[in-house]
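> Sharing run.txt here; it has compact mmCIF, C-alpha atoms.
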# COMPACT_ATOMS: atom_id res chain seq x y z
CA GLU A 1 0.00 0.00 0.00
CA ILE A 2 1.31 3.45 -0.91
CA HIS A 3 0.53 7.05 -0.01
CA ALA A 4 0.90 9.49 -2.90
CA THR A 5 -0.02 12.87 -4.34
CA VAL A 6 -1.64 13.05 -7.77
CA LYS A 7 0.45 15.28 -10.05
CA SER A 8 -1.18 14.74 -13.45
CA ILE A 9 -4.03 12.79 -15.02
CA THR A 10 -4.08 11.28 -18.49
CA SER A 11 -6.98 9.43 -20.10
CA ARG A 12 -5.69 7.04 -22.74
CA GLY A 13 -9.03 5.71 -24.00
CA ASN A 14 -10.15 2.09 -24.25
CA GLN A 15 -10.69 2.09 -20.48
CA LYS A 16 -7.01 2.74 -19.77
CA TYR A 17 -5.89 5.58 -17.56
CA SER A 18 -2.60 6.83 -16.17
CA TYR A 19 -1.72 9.15 -13.33
CA GLN A 20 1.64 10.64 -12.49
CA ILE A 21 1.98 10.42 -8.73
CA GLY A 22 4.52 11.46 -6.14
CA ILE A 23 4.92 8.58 -3.71
CA GLU A 24 5.63 9.48 -0.09
CA PRO A 25 7.81 7.46 2.29
CA SER A 26 5.86 4.92 4.33
CA GLY A 27 6.32 1.52 5.91
CA SER A 28 6.50 -0.32 2.58
CA VAL A 29 8.26 2.47 0.67
CA PRO A 30 11.37 3.83 2.41
CA VAL A 31 12.00 6.76 0.05
CA SER A 32 9.96 9.25 -1.98
CA PHE A 33 9.90 9.07 -5.78
CA GLU A 34 7.59 9.61 -8.74
CA SER A 35 5.74 6.88 -10.55
CA LEU A 36 3.31 6.55 -13.45
CA LEU A 37 0.24 4.73 -12.16
CA TYR A 38 -1.80 2.69 -14.66
CA THR A 39 -5.38 1.55 -14.08
CA ASN A 40 -8.20 0.07 -16.14
CA GLN A 41 -10.78 2.29 -14.48
CA PRO A 42 -10.83 6.00 -13.69
CA LEU A 43 -10.06 7.14 -10.17
CA GLU A 44 -12.24 9.85 -8.67
CA VAL A 45 -9.31 12.19 -8.07
CA GLU A 46 -8.04 15.60 -9.09
CA ILE A 47 -4.58 17.15 -9.23
CA SER A 48 -2.99 17.59 -5.77
CA ASP A 49 -5.33 15.07 -4.09
CA GLN A 50 -3.78 12.58 -1.67
CA ILE A 51 -4.45 8.89 -2.38
CA THR A 52 -3.80 5.62 -0.54
CA LEU A 53 -4.03 2.36 -2.47
CA PRO A 54 -2.24 -0.96 -3.10
CA VAL A 55 -0.15 -1.12 -6.29
CA ARG A 56 2.25 -3.43 -8.08
CA PHE A 57 5.53 -1.87 -9.23
CA PHE A 58 7.30 -2.80 -12.46
CA ALA A 59 10.21 -1.44 -14.49
CA PRO A 60 9.72 0.33 -17.85
CA ASP A 61 10.19 -1.82 -20.96
CA THR A 62 13.33 -1.31 -22.97
CA THR A 63 13.65 -2.57 -26.55
CA SER A 64 16.05 -2.06 -29.43
CA TYR A 65 13.74 0.71 -30.64
CA PHE A 66 12.80 2.41 -27.38
CA ASP A 67 14.74 2.91 -24.15
CA GLY A 68 11.83 3.04 -21.73
CA ALA A 69 13.96 3.48 -18.61
CA ARG A 70 15.78 6.48 -20.09
CA TYR A 71 12.55 8.02 -21.40
CA TYR A 72 10.83 7.87 -18.01
CA ARG A 73 13.93 9.04 -16.14
CA GLY A 74 13.69 12.19 -18.26
CA GLN A 75 10.29 12.72 -16.67
CA HIS A 76 11.71 11.97 -13.21
CA ILE A 77 9.82 8.66 -13.10
CA LEU A 78 11.80 5.74 -11.68
CA LEU A 79 9.19 2.97 -11.62
CA LEU A 80 5.79 2.30 -13.17
CA SER A 81 2.90 1.02 -11.07
CA TYR A 82 -0.42 -0.73 -11.62
CA TYR A 83 -3.67 -0.69 -9.63
CA ASP A 84 -6.00 -3.61 -10.41
CA GLY A 85 -9.13 -2.01 -8.96
CA ASP A 86 -9.89 -4.76 -6.44
CA ALA A 87 -9.10 -2.85 -3.25
CA ALA A 88 -10.62 0.44 -2.17
CA VAL A 89 -8.84 3.74 -2.82
CA THR A 90 -8.75 6.35 -0.07
CA VAL A 91 -8.84 9.89 -1.47
CA THR A 92 -8.13 13.02 0.56
CA PRO A 93 -9.09 16.12 -1.45
CA ALA A 94 -6.46 18.85 -1.67
CA GLN A 95 -7.07 21.94 0.46
CA GLN A 96 -5.63 24.17 -2.27
CA ARG A 97 -5.28 23.79 -6.04
CA PHE A 98 -2.01 24.81 -7.65
CA PHE A 99 -0.97 26.08 -11.08
CA ARG A 100 -0.31 22.57 -12.39
CA TYR A 101 -3.93 21.63 -11.74
CA TYR A 102 -5.24 24.32 -14.11
CA VAL A 103 -2.62 23.48 -16.75
CA ASN A 104 -3.71 19.84 -16.64
CA GLU A 105 -7.38 20.80 -16.88
CA CYS A 106 -6.61 22.80 -20.02
CA SER A 107 -4.70 19.85 -21.48
CA ARG A 108 -7.58 17.50 -20.72
CA PHE A 109 -10.03 19.86 -22.44
CA LEU A 110 -7.89 20.06 -25.59
CA ARG A 111 -7.34 16.30 -25.56
CA ALA A 112 -11.07 15.67 -25.33
CA LYS A 113 -11.75 18.03 -28.25
CA ALA A 114 -9.13 16.26 -30.39
CA GLU A 115 -10.73 12.90 -29.62
CA GLN A 116 -14.16 14.34 -30.42
CA TYR A 117 -13.36 15.76 -33.86
CA PHE A 118 -10.63 13.43 -35.17
CA SER A 119 -10.16 9.71 -35.67
CA PRO A 120 -8.45 7.84 -32.79
CA GLU A 121 -5.12 7.63 -34.64
CA ALA A 122 -5.19 11.27 -35.77
CA ALA A 123 -6.15 12.42 -32.28
CA SER A 124 -3.28 10.46 -30.72
CA ILE A 125 -0.79 12.06 -33.13
CA LEU A 126 -2.23 15.52 -32.49
CA ASN A 127 -2.08 15.03 -28.72
CA SER A 128 1.53 13.89 -29.01
CA MET A 129 2.70 16.81 -31.16
CA LEU A 130 0.72 19.54 -29.37
CA LEU A 131 0.37 18.31 -25.79
CA GLY A 132 3.38 16.04 -25.42
CA ASP A 133 1.11 13.08 -24.60
CA ARG A 134 2.23 9.95 -26.48
CA SER A 135 0.37 7.51 -24.24
CA GLY A 136 -2.58 7.15 -26.64
CA ILE A 137 -0.56 6.28 -29.76
CA PRO A 138 -1.18 2.65 -30.81
CA PHE A 139 1.95 0.51 -30.70
CA ALA A 140 1.67 -0.40 -34.39
CA LEU A 141 1.50 3.28 -35.39
CA LYS A 142 4.46 4.17 -33.19
CA GLN A 143 6.36 1.26 -34.72
CA ASN A 144 5.66 2.59 -38.23
CA TYR A 145 7.16 5.95 -37.27
CA THR A 146 10.15 4.16 -35.75
CA ASP A 147 10.72 2.06 -38.85
CA ALA A 148 10.57 5.19 -41.00
CA GLY A 149 13.14 6.90 -38.77
CA VAL A 150 10.84 9.80 -37.87
CA VAL A 151 9.65 8.78 -34.40
CA HIS A 152 11.26 11.96 -33.07
CA LEU A 153 8.43 13.92 -34.72
CA LEU A 154 6.08 12.54 -32.08
CA ALA A 155 8.01 14.20 -29.25
CA ILE A 156 7.75 17.89 -28.42
CA SER A 157 11.00 19.58 -29.45
CA GLY A 158 12.38 23.00 -30.20
CA VAL A 159 11.42 22.50 -33.84
CA HIS A 160 7.74 22.24 -32.95
CA VAL A 161 7.93 25.41 -30.87
CA ALA A 162 9.80 27.35 -33.57
CA ILE A 163 7.44 26.26 -36.37
CA LEU A 164 4.23 27.03 -34.46
CA SER A 165 5.54 30.32 -33.10
CA GLY A 166 6.87 31.46 -36.48
CA ALA A 167 3.72 30.38 -38.32
CA LEU A 168 1.55 32.31 -35.86
CA PHE A 169 3.64 35.46 -36.27
CA LEU A 170 3.52 35.26 -40.08
CA LEU A 171 -0.23 34.65 -39.98
CA LEU A 172 -0.78 37.67 -37.75
CA ARG A 173 1.32 39.87 -40.02
CA LEU A 174 -0.53 38.50 -43.05
CA PHE A 175 -3.73 39.85 -41.52
CA ARG A 176 -1.98 43.21 -41.01
CA VAL A 177 -1.80 42.99 -37.24
CA PRO A 178 0.65 45.67 -36.02
CA ARG A 179 4.10 44.25 -35.41
CA ARG A 180 4.21 45.11 -31.70
CA LEU A 181 0.83 43.48 -31.07
CA ALA A 182 1.81 40.49 -33.22
CA VAL A 183 4.97 40.00 -31.15
CA ILE A 184 3.01 40.19 -27.89
CA LEU A 185 0.48 37.62 -29.14
CA GLN A 186 3.29 35.41 -30.45
CA MET A 187 5.15 35.52 -27.14
CA THR A 188 1.99 34.79 -25.17
CA ALA A 189 1.10 31.84 -27.41
CA THR A 190 4.67 30.50 -27.27
CA ILE A 191 4.74 30.56 -23.48
CA GLY A 192 1.29 28.93 -23.37
CA PHE A 193 2.35 26.17 -25.76
CA VAL A 194 5.54 25.41 -23.82
CA VAL A 195 3.56 25.13 -20.58
CA ILE A 196 0.68 23.07 -22.03
CA SER A 197 3.07 20.67 -23.81
CA GLY A 198 4.78 19.72 -20.57
CA MET A 199 7.72 22.16 -20.44
CA SER A 200 10.31 19.76 -21.81
CA GLY A 201 13.90 20.99 -21.83
CA SER A 202 14.12 21.46 -25.60
CA ALA A 203 10.78 23.27 -25.74
CA MET A 204 11.79 25.63 -22.94
CA ARG A 205 15.13 26.40 -24.60
CA ALA A 206 13.45 27.13 -27.93
CA GLY A 207 10.77 29.25 -26.29
CA GLY A 208 13.40 31.19 -24.37
CA MET A 209 15.40 31.89 -27.53
CA ILE A 210 12.30 33.08 -29.37
CA LEU A 211 11.45 35.49 -26.54
CA ILE A 212 15.02 36.81 -26.47
CA LEU A 213 15.24 37.28 -30.24
CA GLN A 214 11.90 39.07 -30.39
Please lay out the structure from this file as structure tokens.

Amino acid sequence: EIHATVKSITSRGNQKYSYQIGIEPSGSVPVSFESLLYTNQPLEVEISDQITLPVRFFAPDTTSYFDGARYYRGQHILLLSYYDGDAAVTVTPAQQRFFRYYVNECSRFLRAKAEQYFSPEAASILNSMLLGDRSGIPFALKQNYTDAGVVHLLAISGVHVAILSGALFLLLRLFRVPRRLAVILQMTATIGFVVISGMSGSAMRAGGMILILQ
């Protein structure tokens, strides 16, 4: 049994859900660390809530195509965990919601809209390239990108930030928006995209350079 704080919530569809949690030291867990919790049913929780439940830990898969351990370490996740839904979950609502809660709510709204208006495969690609969420991409589709040598396109990078930021600026200027206002809107959108997409290192570096150059 573990005691943890919910840090993010991701619905993957097909009755599969994942939650990034910060596990606190307890009798069965001597140290604190972050884990990605998988379940086959949604938990009635929100960001910053405290939860107590039994889980099974397992290590990320590593193949010749994908170094799972390295990928999750980049997200500060050491182990994955699974809750089978048999035992009860104790939830203690957070007394105060933080910034990350509202960012996650925005991401969930955009993810739901993508799934509403696009096919499952198209929505999973869109969520990956705009929100940094690759959890919904079918394995076969991810394998096709890997075989083609373009799997990096599915991860948020500085290229994504530069293209979207530059395209927005050109579009604003095309509609004769004054340069100063166009720059302000571009900077605001760039910061918003970096935050919504998960604030990866490459995205933050690219966003910072764009703000400096402008």
> Between A:Ala69, A:Ala88, A:Leu130, A:Leu141, which is the closest to Ala114 (chain A) once you count all atoms listed in the file?
A:Leu130
> Please identify all polymer residues within 10 Å of Tyr72 (chain A), counting all atoms listed in the file, omitting same-chain residues fewer than 5 positions from it, and present them as a PyMOL selection string.
chain A and resi 34-36+59-60+67+77-80
> Would you work out the distance separating CA of Gly198 (chain A) from CA of Ala162 (chain A), expressed in Å to one decimal?
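According to the coordinates, CA of Gly198 (chain A) and CA of Ala162 (chain A) are separated by 15.9 Å.
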> Hey, which of A:Ile9, A:Val89, A:Ala140, A:Ile210 ends up closest to Ser48 (chain A)? Count all atoms listed in the file.
A:Ile9
> With a distance cut-off of 8 Å and all atoms listed in the file, select the neighbouring residues of region 133-139 of chain A, excluding the residue or stretch itself and same-chain residues fewer than 2 positions from it, and output the selection as a CSV table (one decimal) with C-alpha atoms, in the coordinates of the input.

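Saved the output as out-v8.csv:
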chain,number,residue,atom,x,y,z
A,12,ARG,CA,-5.7,7.0,-22.7
A,13,GLY,CA,-9.0,5.7,-24.0
A,121,GLU,CA,-5.1,7.6,-34.6
A,124,SER,CA,-3.3,10.5,-30.7
A,125,ILE,CA,-0.8,12.1,-33.1
A,127,ASN,CA,-2.1,15.0,-28.7
A,128,SER,CA,1.5,13.9,-29.0
A,129,MET,CA,2.7,16.8,-31.2
A,131,LEU,CA,0.4,18.3,-25.8
A,141,LEU,CA,1.5,3.3,-35.4
A,142,LYS,CA,4.5,4.2,-33.2
A,143,GLN,CA,6.4,1.3,-34.7
A,154,LEU,CA,6.1,12.5,-32.1
A,155,ALA,CA,8.0,14.2,-29.2
A,197,SER,CA,3.1,20.7,-23.8
> When you look at Glu46 (chain A) with a cut-off of 8 Å (counting only C-alpha atoms), what residues show up, excluding the ones that are within fewer than 3 positions of it in the same chain? I need them as a list in words.
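What passes the distance filter is Val6, Ile9, Asp49, Pro93 and Tyr101 of chain A.
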> My list of candidates is A:Ser200, A:Thr5, A:Thr90, A:Ser119. Which is closest to Gly132 (chain A) when distances are computed with all atoms listed in the file?
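Among A:Ser200, A:Thr5, A:Thr90, A:Ser119, it is A:Ser200 that comes nearest to Gly132 (chain A).
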> Between CA of Lys7 (chain A) and CA of Met204 (chain A), measure the distance and give it in Å to one decimal.
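Those two atoms sit 20.0 Å apart.
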> Please, what distance in Å, to one decimal, runs between CA of Thr10 (chain A) and CA of Glu44 (chain A)?
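Taking CA of Thr10 (chain A) as the start and CA of Glu44 (chain A) as the end point, the length is 12.8 Å.
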> Looking at all atoms listed in the file, which of A:Ala4, A:Ile156, A:Leu174, A:Val103 is the one that sits closest to Val55 (chain A)?
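For Val55 (chain A), the nearest of the given residues is A:Ala4.
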> For region 108-114 of chain A, what centre and edge lengths in Å (one decimal) does the axis-aligned box get once 4 Å is added on each side of all its listed atoms, as lines of an AutoDock Vina configuration file?

center_x = -9.5
center_y = 17.9
center_z = -25.6
size_x = 12.4
size_y = 12.4
size_z = 17.7
> I'd like the contact shell of Gly207 (chain A) - 12 Å cut-off, only C-alpha atoms, skipping same-chain residues fewer than 2 positions apart - returned as a PyMOL selection string.
chain A and resi 156-166+186-195+197+199-205+209-214
> Nearest to Val45 (chain A) among A:Ala123, A:Ile21, A:Ala112, A:Leu153, with distances taken over all atoms listed in the file: which residue is it?
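Going through A:Ala123, A:Ile21, A:Ala112, A:Leu153 one by one, the smallest distance to Val45 (chain A) is for A:Ile21.
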> At a cut-off of 7 Å, using only C-alpha atoms, what residues contact Glu24 (chain A)? Leave out same-chain residues fewer than 3 positions from it and give the result as a VMD selection string.
chain A and resid 3 to 4 31 to 32
> Select, from A:Val150, A:Cys106, A:Leu53, A:Arg73, the residue with the minimum atom-to-atom distance to Asp86 (chain A), counting all atoms listed in the file.
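Looking only at the distances to Asp86 (chain A), the closest residue turns out to be A:Leu53.
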